[in-house]
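The data block below is work.csv; it holds CSV, N, CA and C atoms.
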chain,number,residue,atom,x,y,z
H,1,MET,N,17.5,15.2,-94.2
H,1,MET,CA,16.5,14.5,-93.5
H,1,MET,C,15.2,14.6,-94.3
H,2,ASP,N,14.5,13.5,-94.5
H,2,ASP,CA,13.3,13.4,-95.3
H,2,ASP,C,12.1,13.4,-94.4
H,3,ASN,N,11.7,14.6,-93.9
H,3,ASN,CA,10.5,14.7,-93.1
H,3,ASN,C,9.3,14.6,-94.0
H,4,ILE,N,8.2,14.1,-93.3
H,4,ILE,CA,7.0,13.9,-94.0
H,4,ILE,C,6.0,15.1,-93.6
H,5,GLY,N,5.3,15.5,-94.6
H,5,GLY,CA,4.3,16.6,-94.4
H,5,GLY,C,3.0,16.3,-95.1
H,6,ILE,N,2.2,17.3,-95.2
H,6,ILE,CA,0.8,17.2,-95.8
H,6,ILE,C,0.6,18.3,-96.9
H,7,ASN,N,0.3,17.8,-98.1
H,7,ASN,CA,-0.1,18.8,-99.1
H,7,ASN,C,-1.6,18.9,-99.1
H,8,ILE,N,-2.1,20.1,-99.0
H,8,ILE,CA,-3.5,20.4,-98.8
H,8,ILE,C,-4.1,21.1,-100.1
H,9,LYS,N,-5.2,20.5,-100.6
H,9,LYS,CA,-6.0,21.2,-101.6
H,9,LYS,C,-7.4,21.3,-101.1
H,10,ILE,N,-8.1,22.4,-101.5
H,10,ILE,CA,-9.5,22.6,-101.2
H,10,ILE,C,-10.2,22.9,-102.5
H,11,ASN,N,-11.1,22.0,-102.8
H,11,ASN,CA,-11.9,22.1,-104.1
H,11,ASN,C,-10.9,22.2,-105.3
H,12,GLY,N,-9.8,21.4,-105.2
H,12,GLY,CA,-8.9,21.3,-106.3
H,12,GLY,C,-7.8,22.4,-106.3
H,13,GLU,N,-8.0,23.4,-105.5
H,13,GLU,CA,-7.0,24.5,-105.5
H,13,GLU,C,-5.9,24.2,-104.5
H,14,GLN,N,-4.7,24.3,-104.9
H,14,GLN,CA,-3.5,24.1,-104.1
H,14,GLN,C,-3.5,25.2,-103.0
H,15,ILE,N,-3.5,24.7,-101.7
H,15,ILE,CA,-3.5,25.7,-100.6
H,15,ILE,C,-2.2,25.8,-99.9
H,16,THR,N,-1.6,24.7,-99.5
H,16,THR,CA,-0.3,24.7,-98.8
H,16,THR,C,0.3,23.4,-98.7
H,17,ARG,N,1.6,23.4,-98.4
H,17,ARG,CA,2.4,22.1,-98.1
H,17,ARG,C,2.9,22.3,-96.7
H,18,ALA,N,2.3,21.7,-95.8
H,18,ALA,CA,2.6,21.9,-94.4
H,18,ALA,C,3.6,20.8,-94.0
H,19,GLY,N,4.6,21.2,-93.2
H,19,GLY,CA,5.6,20.3,-92.7
H,19,GLY,C,6.8,21.0,-92.1
H,20,PHE,N,7.6,20.3,-91.4
H,20,PHE,CA,8.7,20.8,-90.7
H,20,PHE,C,10.1,20.3,-91.2
H,21,ASN,N,11.1,21.1,-91.1
H,21,ASN,CA,12.4,20.7,-91.4
H,21,ASN,C,13.2,20.3,-90.2
H,22,GLU,N,12.6,20.5,-89.0
H,22,GLU,CA,13.2,20.1,-87.8
H,22,GLU,C,13.2,18.6,-87.5
H,23,SER,N,14.0,18.2,-86.5
H,23,SER,CA,14.1,16.8,-86.2
H,23,SER,C,12.9,16.2,-85.5
H,24,HIS,N,12.3,17.0,-84.6
H,24,HIS,CA,11.2,16.5,-83.8
H,24,HIS,C,10.0,17.5,-83.9
H,25,TYR,N,8.8,16.9,-84.2
H,25,TYR,CA,7.7,17.8,-84.5
H,25,TYR,C,6.4,17.0,-84.4
H,26,VAL,N,5.3,17.7,-84.3
H,26,VAL,CA,3.9,17.2,-84.4
H,26,VAL,C,3.3,18.0,-85.5
H,27,LEU,N,2.6,17.3,-86.4
H,27,LEU,CA,1.9,18.0,-87.5
H,27,LEU,C,0.5,17.4,-87.5
H,28,HIS,N,-0.5,18.3,-87.6
H,28,HIS,CA,-1.9,17.9,-87.6
H,28,HIS,C,-2.7,18.6,-88.6
H,29,ALA,N,-3.7,18.0,-89.1
H,29,ALA,CA,-4.8,18.6,-90.0
H,29,ALA,C,-6.1,18.1,-89.4
H,30,MET,N,-7.0,19.1,-89.2
H,30,MET,CA,-8.2,18.7,-88.5
H,30,MET,C,-9.4,19.5,-89.0
H,31,ALA,N,-10.5,18.7,-89.4
H,31,ALA,CA,-11.7,19.3,-89.7
H,31,ALA,C,-12.6,19.3,-88.5
H,32,ALA,N,-13.4,20.3,-88.3
H,32,ALA,CA,-14.3,20.3,-87.1
H,32,ALA,C,-15.6,21.0,-87.5
H,33,PHE,N,-16.7,20.4,-86.9
H,33,PHE,CA,-18.0,21.0,-87.1
H,33,PHE,C,-18.6,21.3,-85.8
H,34,ALA,N,-19.2,22.5,-85.6
H,34,ALA,CA,-19.8,22.9,-84.4
H,34,ALA,C,-21.2,23.4,-84.6
H,35,ARG,N,-22.1,22.9,-83.8
H,35,ARG,CA,-23.5,23.4,-83.8
H,35,ARG,C,-23.7,23.8,-82.4
H,36,ARG,N,-23.9,25.1,-82.2
H,36,ARG,CA,-24.1,25.7,-80.9
H,36,ARG,C,-25.4,26.3,-80.8
H,37,ARG,N,-25.9,26.3,-79.6
H,37,ARG,CA,-27.2,26.9,-79.3
H,37,ARG,C,-27.2,28.4,-79.5
H,38,GLY,N,-28.1,28.9,-80.3
H,38,GLY,CA,-28.2,30.3,-80.5
H,38,GLY,C,-27.2,30.9,-81.4
H,39,ARG,N,-26.4,30.1,-82.1
H,39,ARG,CA,-25.4,30.6,-83.0
H,39,ARG,C,-25.4,29.8,-84.3
H,40,ASN,N,-24.8,30.4,-85.3
H,40,ASN,CA,-24.7,29.7,-86.6
H,40,ASN,C,-23.8,28.5,-86.5
H,41,ASP,N,-24.0,27.5,-87.4
H,41,ASP,CA,-23.1,26.3,-87.4
H,41,ASP,C,-21.8,26.8,-88.0
H,42,ALA,N,-20.7,26.1,-87.6
H,42,ALA,CA,-19.4,26.5,-88.0
H,42,ALA,C,-18.7,25.2,-88.5
H,43,PHE,N,-18.1,25.3,-89.6
H,43,PHE,CA,-17.3,24.1,-90.1
H,43,PHE,C,-16.0,24.7,-90.6
H,44,GLY,N,-14.9,24.2,-89.9
H,44,GLY,CA,-13.6,24.7,-90.2
H,44,GLY,C,-12.6,23.7,-90.4
H,45,PHE,N,-11.4,24.1,-90.9
H,45,PHE,CA,-10.3,23.2,-91.2
H,45,PHE,C,-9.1,23.9,-90.7
H,46,HIS,N,-8.3,23.2,-89.9
H,46,HIS,CA,-7.0,23.8,-89.4
H,46,HIS,C,-5.9,22.8,-89.6
H,47,VAL,N,-4.7,23.4,-90.0
H,47,VAL,CA,-3.5,22.7,-90.2
H,47,VAL,C,-2.5,23.4,-89.3
H,48,GLY,N,-1.9,22.7,-88.4
H,48,GLY,CA,-0.9,23.3,-87.6
H,48,GLY,C,0.1,22.3,-87.0
H,49,GLY,N,0.8,22.7,-86.0
H,49,GLY,CA,1.7,21.7,-85.4
H,49,GLY,C,2.6,22.3,-84.3
H,50,LEU,N,3.5,21.5,-83.9
H,50,LEU,CA,4.5,21.9,-82.8
H,50,LEU,C,5.9,21.6,-83.3
H,51,ASP,N,6.7,22.6,-83.3
H,51,ASP,CA,8.2,22.4,-83.4
H,51,ASP,C,8.6,21.9,-82.1
H,52,SER,N,8.8,20.7,-81.8
H,52,SER,CA,9.1,20.1,-80.5
H,52,SER,C,10.5,20.6,-80.0
H,53,ASP,N,11.4,20.8,-81.0
H,53,ASP,CA,12.8,21.2,-80.6
H,53,ASP,C,12.8,22.6,-80.0
H,54,ALA,N,12.0,23.5,-80.6
H,54,ALA,CA,11.9,24.9,-80.1
H,54,ALA,C,10.7,25.1,-79.2
H,55,ASN,N,9.8,24.1,-79.0
H,55,ASN,CA,8.6,24.2,-78.3
H,55,ASN,C,7.7,25.4,-78.7
H,56,ILE,N,7.5,25.5,-80.0
H,56,ILE,CA,6.7,26.6,-80.6
H,56,ILE,C,5.6,26.0,-81.4
H,57,HIS,N,4.4,26.4,-81.2
H,57,HIS,CA,3.2,26.0,-82.0
H,57,HIS,C,3.1,26.9,-83.2
H,58,VAL,N,2.7,26.3,-84.3
H,58,VAL,CA,2.6,27.1,-85.6
H,58,VAL,C,1.4,26.7,-86.3
H,59,ASP,N,1.0,27.5,-87.3
H,59,ASP,CA,-0.2,27.3,-88.1
H,59,ASP,C,0.2,27.4,-89.6
H,60,TRP,N,-0.5,26.7,-90.4
H,60,TRP,CA,-0.4,26.9,-91.9
H,60,TRP,C,-1.7,27.3,-92.4
H,61,LEU,N,-2.8,26.9,-91.8
H,61,LEU,CA,-4.1,27.2,-92.3
H,61,LEU,C,-5.2,27.1,-91.3
H,62,ASN,N,-6.1,28.2,-91.3
H,62,ASN,CA,-7.3,28.2,-90.5
H,62,ASN,C,-8.4,28.7,-91.5
H,63,ALA,N,-9.2,27.8,-92.0
H,63,ALA,CA,-10.2,28.1,-93.0
H,63,ALA,C,-11.6,27.7,-92.6
H,64,THR,N,-12.5,28.4,-93.1
H,64,THR,CA,-13.9,28.1,-92.9
H,64,THR,C,-14.3,27.3,-94.1
H,65,LEU,N,-15.0,26.2,-93.9
H,65,LEU,CA,-15.4,25.3,-95.0
H,65,LEU,C,-16.9,25.5,-95.2
H,66,ASN,N,-17.4,25.1,-96.4
H,66,ASN,CA,-18.8,25.1,-96.7
H,66,ASN,C,-19.3,23.8,-97.1
H,67,LEU,N,-20.6,23.5,-97.0
H,67,LEU,CA,-21.1,22.2,-97.4
H,67,LEU,C,-20.7,21.9,-98.8
H,68,GLY,N,-20.2,20.8,-99.1
H,68,GLY,CA,-19.8,20.4,-100.4
H,68,GLY,C,-18.4,20.6,-100.7
H,69,ASP,N,-17.7,21.3,-99.9
H,69,ASP,CA,-16.2,21.5,-100.1
H,69,ASP,C,-15.5,20.2,-100.1
H,70,ILE,N,-14.5,20.0,-100.9
H,70,ILE,CA,-13.7,18.8,-100.9
H,70,ILE,C,-12.3,19.2,-100.5
H,71,VAL,N,-11.8,18.5,-99.4
H,71,VAL,CA,-10.5,18.7,-98.9
H,71,VAL,C,-9.7,17.5,-99.2
H,72,THR,N,-8.5,17.7,-99.8
H,72,THR,CA,-7.7,16.6,-100.2
H,72,THR,C,-6.4,16.7,-99.5
H,73,LEU,N,-6.0,15.7,-98.8
H,73,LEU,CA,-4.7,15.6,-98.1
H,73,LEU,C,-3.8,14.6,-98.7
H,74,GLU,N,-2.6,14.9,-99.0
H,74,GLU,CA,-1.6,14.0,-99.6
H,74,GLU,C,-0.4,14.0,-98.8
H,75,ILE,N,0.1,12.9,-98.4
H,75,ILE,CA,1.3,12.8,-97.5
H,75,ILE,C,2.5,12.9,-98.5
H,76,VAL,N,3.3,13.9,-98.2
H,76,VAL,CA,4.5,14.2,-99.0
H,76,VAL,C,5.7,14.5,-98.3
H,77,LYS,N,6.9,14.5,-99.0
H,77,LYS,CA,8.1,14.9,-98.4
H,77,LYS,C,8.3,16.4,-98.8
H,78,GLY,N,9.2,17.1,-98.2
H,78,GLY,CA,9.5,18.5,-98.4
H,78,GLY,C,9.8,18.8,-99.9
H,79,PRO,N,9.9,20.0,-100.3
H,79,PRO,CA,9.9,21.2,-99.4
H,79,PRO,C,8.6,21.6,-98.9
H,80,PHE,N,8.5,22.4,-97.8
H,80,PHE,CA,7.3,22.8,-97.2
H,80,PHE,C,7.2,24.3,-97.2
H,81,ALA,N,5.9,24.7,-97.1
H,81,ALA,CA,5.6,26.2,-97.1
H,81,ALA,C,6.0,26.7,-95.7
H,82,PRO,N,6.4,27.9,-95.6
H,82,PRO,CA,6.7,28.5,-94.2
H,82,PRO,C,5.4,28.5,-93.4
H,83,SER,N,5.6,28.3,-92.1
H,83,SER,CA,4.4,28.4,-91.2
H,83,SER,C,4.4,29.8,-90.5
H,84,GLU,N,3.3,30.0,-89.8
H,84,GLU,CA,3.1,31.3,-89.1
H,84,GLU,C,3.0,30.9,-87.6
H,85,PRO,N,3.5,31.8,-86.7
H,85,PRO,CA,3.3,31.5,-85.3
H,85,PRO,C,1.8,31.4,-84.9
H,86,HIS,N,1.5,30.4,-84.0
H,86,HIS,CA,0.1,30.2,-83.6
H,86,HIS,C,-0.3,31.3,-82.7
H,87,LEU,N,-1.4,31.9,-83.1
H,87,LEU,CA,-2.0,33.0,-82.3
H,87,LEU,C,-3.3,32.6,-81.7
H,88,PRO,N,-3.5,32.8,-80.4
H,88,PRO,CA,-4.9,32.5,-79.9
H,88,PRO,C,-5.9,33.4,-80.5
H,89,PRO,N,-7.2,32.9,-80.6
H,89,PRO,CA,-8.2,33.7,-81.1
H,89,PRO,C,-8.4,35.0,-80.3
H,90,VAL,N,-8.7,36.1,-80.9
H,90,VAL,CA,-9.0,37.3,-80.3
H,90,VAL,C,-10.5,37.4,-80.0
H,91,VAL,N,-10.8,37.6,-78.7
H,91,VAL,CA,-12.2,37.7,-78.3
H,91,VAL,C,-12.4,39.0,-77.5
H,92,SER,N,-13.4,39.7,-77.8
H,92,SER,CA,-13.7,40.9,-77.0
H,92,SER,C,-14.1,40.6,-75.6
H,93,GLU,N,-13.9,41.6,-74.7
H,93,GLU,CA,-14.3,41.4,-73.3
H,93,GLU,C,-15.8,41.1,-73.2
H,94,GLU,N,-16.6,41.8,-74.0
H,94,GLU,CA,-18.0,41.5,-74.0
H,94,GLU,C,-18.4,40.1,-74.4
H,95,ASP,N,-17.8,39.6,-75.5
H,95,ASP,CA,-18.0,38.3,-75.9
H,95,ASP,C,-17.6,37.3,-74.9
H,96,GLN,N,-16.4,37.5,-74.3
H,96,GLN,CA,-15.9,36.6,-73.2
H,96,GLN,C,-16.9,36.6,-72.1
H,97,LEU,N,-17.4,37.7,-71.6
H,97,LEU,CA,-18.3,37.8,-70.5
H,97,LEU,C,-19.6,37.0,-70.9
H,98,ASN,N,-20.1,37.3,-72.1
H,98,ASN,CA,-21.4,36.6,-72.5
H,98,ASN,C,-21.2,35.1,-72.5
H,99,TYR,N,-20.0,34.6,-73.0
H,99,TYR,CA,-19.7,33.2,-73.0
H,99,TYR,C,-19.7,32.6,-71.6
H,100,GLU,N,-19.0,33.3,-70.7
H,100,GLU,CA,-18.9,32.8,-69.3
H,100,GLU,C,-20.3,32.8,-68.6
H,101,LEU,N,-21.1,33.9,-68.9
H,101,LEU,CA,-22.5,33.9,-68.3
H,101,LEU,C,-23.3,32.8,-68.8
H,102,GLU,N,-23.3,32.5,-70.1
H,102,GLU,CA,-24.0,31.4,-70.8
H,102,GLU,C,-23.6,30.1,-70.2
H,103,LEU,N,-22.3,29.9,-70.0
H,103,LEU,CA,-21.8,28.7,-69.4
H,103,LEU,C,-22.2,28.6,-68.0
H,104,PHE,N,-22.2,29.6,-67.2
H,104,PHE,CA,-22.6,29.6,-65.8
H,104,PHE,C,-24.1,29.2,-65.7
H,105,TYR,N,-25.0,29.8,-66.4
H,105,TYR,CA,-26.4,29.5,-66.3
H,105,TYR,C,-26.7,28.1,-66.8
H,106,ARG,N,-26.0,27.7,-67.8
H,106,ARG,CA,-26.2,26.3,-68.3
H,106,ARG,C,-25.8,25.3,-67.3
H,107,LEU,N,-24.6,25.5,-66.7
H,107,LEU,CA,-24.1,24.6,-65.6
H,107,LEU,C,-25.0,24.6,-64.4
H,108,LYS,N,-25.4,25.8,-64.0
H,108,LYS,CA,-26.3,26.0,-62.8
H,108,LYS,C,-27.6,25.2,-63.0
H,109,GLU,N,-28.1,25.2,-64.2
H,109,GLU,CA,-29.3,24.4,-64.5
H,109,GLU,C,-29.0,22.9,-64.5
H,110,GLU,N,-27.9,22.5,-65.1
H,110,GLU,CA,-27.6,21.1,-65.2
H,110,GLU,C,-27.3,20.5,-63.8
H,111,LEU,N,-26.7,21.3,-63.0
H,111,LEU,CA,-26.2,20.8,-61.6
H,111,LEU,C,-27.2,21.2,-60.5
H,112,LYS,N,-28.4,21.7,-60.8
H,112,LYS,CA,-29.2,22.2,-59.7
H,112,LYS,C,-29.6,21.2,-58.7
H,113,ASP,N,-29.6,19.9,-59.0
H,113,ASP,CA,-29.9,18.9,-58.1
H,113,ASP,C,-28.8,18.5,-57.2
H,114,HIS,N,-27.6,19.1,-57.5
H,114,HIS,CA,-26.4,18.8,-56.7
H,114,HIS,C,-25.9,20.0,-55.9
H,115,ILE,N,-26.6,21.1,-56.0
H,115,ILE,CA,-26.2,22.3,-55.3
H,115,ILE,C,-27.0,22.4,-54.0
H,116,ASN,N,-26.3,22.6,-52.9
H,116,ASN,CA,-26.8,22.8,-51.6
H,116,ASN,C,-26.6,24.2,-51.2
H,117,GLU,N,-27.7,25.0,-51.2
H,117,GLU,CA,-27.6,26.4,-50.8
H,117,GLU,C,-28.0,26.7,-49.4
Represent the structure of the file as structure tokens.
Amino acid sequence: MDNIGINIKINGEQITRAGFNESHYVLHAMAAFARRRGRNDAFGFHVGGLDSDANIHVDWLNATLNLGDIVTLEIVKGPFAPSEPHLPPVVSEEDQLNYELELFYRLKEELKDHINE
């Protein structure tokens, strides 16, 4: 089977060849930029996917990018690098509580005209 994948280079350095040998899959490569109130800007790049036959999410890359970085994607056929099981981000209880409180107060302010107390 000639499955298609993605060869990834960052600043000319070979990083990985992401792809599946399975019959049914989803493969994605995504760059994201976040500017959040009270926090540093974050620019990241993620390559992952779903083995649809086994219903398992996997990752090849989670990287922080910097201004000026050059990401090159090339559509390729295998062989592919092995993937890692997708793990949700680890967040401390204190960070989770702070996030939820920040969200609560922001929504309370945004929705104050719709709240009947």
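Compared by their closest atoms to Gly68 in chain H, and using all atoms listed in the file, the residues H:Asn11, H:Asp2, H:Phe45, H:Gly19 rank with H:Asn11 nearest.
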Å distance separating atom C of Ala34 in chain H from atom N of Tyr99 in chain H, one decimal place: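 Distance between the two atoms: 16.2 Å.
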Backbone-only DSSP, alpha helix (DSSP H) members of chain H, as a PyMOL selection string: chain H and resi 93-110
Polymer residues at most 7 Å from Ile70 in chain H, all atoms listed in the file, same-chain spacing of 3 or more positions, as a ChimeraX atom specification: /H:9-12,67
With N, CA and C atoms retained, could you export that selection as a PDB file, in the coordinates of the input?
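For reference, out38.pdb as written:
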ATOM      1  N   LYS H   9      -5.200  20.500-100.600  1.00  0.00           N
ATOM      2  CA  LYS H   9      -6.000  21.200-101.600  1.00  0.00           C
ATOM      3  C   LYS H   9      -7.400  21.300-101.100  1.00  0.00           C
ATOM      4  N   ILE H  10      -8.100  22.400-101.500  1.00  0.00           N
ATOM      5  CA  ILE H  10      -9.500  22.600-101.200  1.00  0.00           C
ATOM      6  C   ILE H  10     -10.200  22.900-102.500  1.00  0.00           C
ATOM      7  N   ASN H  11     -11.100  22.000-102.800  1.00  0.00           N
ATOM      8  CA  ASN H  11     -11.900  22.100-104.100  1.00  0.00           C
ATOM      9  C   ASN H  11     -10.900  22.200-105.300  1.00  0.00           C
ATOM     10  N   GLY H  12      -9.800  21.400-105.200  1.00  0.00           N
ATOM     11  CA  GLY H  12      -8.900  21.300-106.300  1.00  0.00           C
ATOM     12  C   GLY H  12      -7.800  22.400-106.300  1.00  0.00           C
ATOM     13  N   LEU H  67     -20.600  23.500 -97.000  1.00  0.00           N
ATOM     14  CA  LEU H  67     -21.100  22.200 -97.400  1.00  0.00           C
ATOM     15  C   LEU H  67     -20.700  21.900 -98.800  1.00  0.00           C
TER      16      LEU H  67
END
Distance in Å - CA of Ala18 in chain H versus CA of Val76 in chain H: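 Going from CA of Ala18 in chain H over to CA of Val76 in chain H, I get 9.2 Å.
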Between CA of Phe43 in chain H and atom C of Glu100 in chain H - distance in Å to one decimal: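 So the two atoms, atom C of Glu100 in chain H and CA of Phe43 in chain H, lie 23.4 Å apart.
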In chain H, DSSP strand (DSSP E) residues written as JSON, numbers by chain: {"H": [4, 5, 6, 7, 8, 9, 10, 13, 14, 15, 16, 17, 18, 25, 26, 27, 28, 29, 30, 31, 32, 33, 34, 42, 43, 44, 45, 46, 47, 48, 49, 50, 51, 56, 57, 58, 59, 60, 61, 62, 63, 64, 71, 72, 73, 74, 75, 76, 77, 84, 85]}
Residue nearest Ile4 in chain H among H:Arg37, H:Lys77, H:Arg17, H:His28 (counting only C-alpha atoms):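 Closest to Ile4 in chain H, using only C-alpha atoms: H:Lys77.
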Selection: 9 Å around range 48-64 of chain H, only C-alpha atoms, excl. self and same-chain fewer than 2 positions, as an NGL selection string: :H and (15-20 or 22-30 or 42-46 or 66 or 81-87)
Give me a file of those residues, with N, CA and C atoms, as a tab-separated table (two decimals), in the frame of the given file.
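So the final result, stored in part02.tsv, reads:
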chain	number	residue	atom	x	y	z
H	15	ILE	N	-3.50	24.70	-101.70
H	15	ILE	CA	-3.50	25.70	-100.60
H	15	ILE	C	-2.20	25.80	-99.90
H	16	THR	N	-1.60	24.70	-99.50
H	16	THR	CA	-0.30	24.70	-98.80
H	16	THR	C	0.30	23.40	-98.70
H	17	ARG	N	1.60	23.40	-98.40
H	17	ARG	CA	2.40	22.10	-98.10
H	17	ARG	C	2.90	22.30	-96.70
H	18	ALA	N	2.30	21.70	-95.80
H	18	ALA	CA	2.60	21.90	-94.40
H	18	ALA	C	3.60	20.80	-94.00
H	19	GLY	N	4.60	21.20	-93.20
H	19	GLY	CA	5.60	20.30	-92.70
H	19	GLY	C	6.80	21.00	-92.10
H	20	PHE	N	7.60	20.30	-91.40
H	20	PHE	CA	8.70	20.80	-90.70
H	20	PHE	C	10.10	20.30	-91.20
H	22	GLU	N	12.60	20.50	-89.00
H	22	GLU	CA	13.20	20.10	-87.80
H	22	GLU	C	13.20	18.60	-87.50
H	23	SER	N	14.00	18.20	-86.50
H	23	SER	CA	14.10	16.80	-86.20
H	23	SER	C	12.90	16.20	-85.50
H	24	HIS	N	12.30	17.00	-84.60
H	24	HIS	CA	11.20	16.50	-83.80
H	24	HIS	C	10.00	17.50	-83.90
H	25	TYR	N	8.80	16.90	-84.20
H	25	TYR	CA	7.70	17.80	-84.50
H	25	TYR	C	6.40	17.00	-84.40
H	26	VAL	N	5.30	17.70	-84.30
H	26	VAL	CA	3.90	17.20	-84.40
H	26	VAL	C	3.30	18.00	-85.50
H	27	LEU	N	2.60	17.30	-86.40
H	27	LEU	CA	1.90	18.00	-87.50
H	27	LEU	C	0.50	17.40	-87.50
H	28	HIS	N	-0.50	18.30	-87.60
H	28	HIS	CA	-1.90	17.90	-87.60
H	28	HIS	C	-2.70	18.60	-88.60
H	29	ALA	N	-3.70	18.00	-89.10
H	29	ALA	CA	-4.80	18.60	-90.00
H	29	ALA	C	-6.10	18.10	-89.40
H	30	MET	N	-7.00	19.10	-89.20
H	30	MET	CA	-8.20	18.70	-88.50
H	30	MET	C	-9.40	19.50	-89.00
H	42	ALA	N	-20.70	26.10	-87.60
H	42	ALA	CA	-19.40	26.50	-88.00
H	42	ALA	C	-18.70	25.20	-88.50
H	43	PHE	N	-18.10	25.30	-89.60
H	43	PHE	CA	-17.30	24.10	-90.10
H	43	PHE	C	-16.00	24.70	-90.60
H	44	GLY	N	-14.90	24.20	-89.90
H	44	GLY	CA	-13.60	24.70	-90.20
H	44	GLY	C	-12.60	23.70	-90.40
H	45	PHE	N	-11.40	24.10	-90.90
H	45	PHE	CA	-10.30	23.20	-91.20
H	45	PHE	C	-9.10	23.90	-90.70
H	46	HIS	N	-8.30	23.20	-89.90
H	46	HIS	CA	-7.00	23.80	-89.40
H	46	HIS	C	-5.90	22.80	-89.60
H	66	ASN	N	-17.40	25.10	-96.40
H	66	ASN	CA	-18.80	25.10	-96.70
H	66	ASN	C	-19.30	23.80	-97.10
H	81	ALA	N	5.90	24.70	-97.10
H	81	ALA	CA	5.60	26.20	-97.10
H	81	ALA	C	6.00	26.70	-95.70
H	82	PRO	N	6.40	27.90	-95.60
H	82	PRO	CA	6.70	28.50	-94.20
H	82	PRO	C	5.40	28.50	-93.40
H	83	SER	N	5.60	28.30	-92.10
H	83	SER	CA	4.40	28.40	-91.20
H	83	SER	C	4.40	29.80	-90.50
H	84	GLU	N	3.30	30.00	-89.80
H	84	GLU	CA	3.10	31.30	-89.10
H	84	GLU	C	3.00	30.90	-87.60
H	85	PRO	N	3.50	31.80	-86.70
H	85	PRO	CA	3.30	31.50	-85.30
H	85	PRO	C	1.80	31.40	-84.90
H	86	HIS	N	1.50	30.40	-84.00
H	86	HIS	CA	0.10	30.20	-83.60
H	86	HIS	C	-0.30	31.30	-82.70
H	87	LEU	N	-1.40	31.90	-83.10
H	87	LEU	CA	-2.00	33.00	-82.30
H	87	LEU	C	-3.30	32.60	-81.70
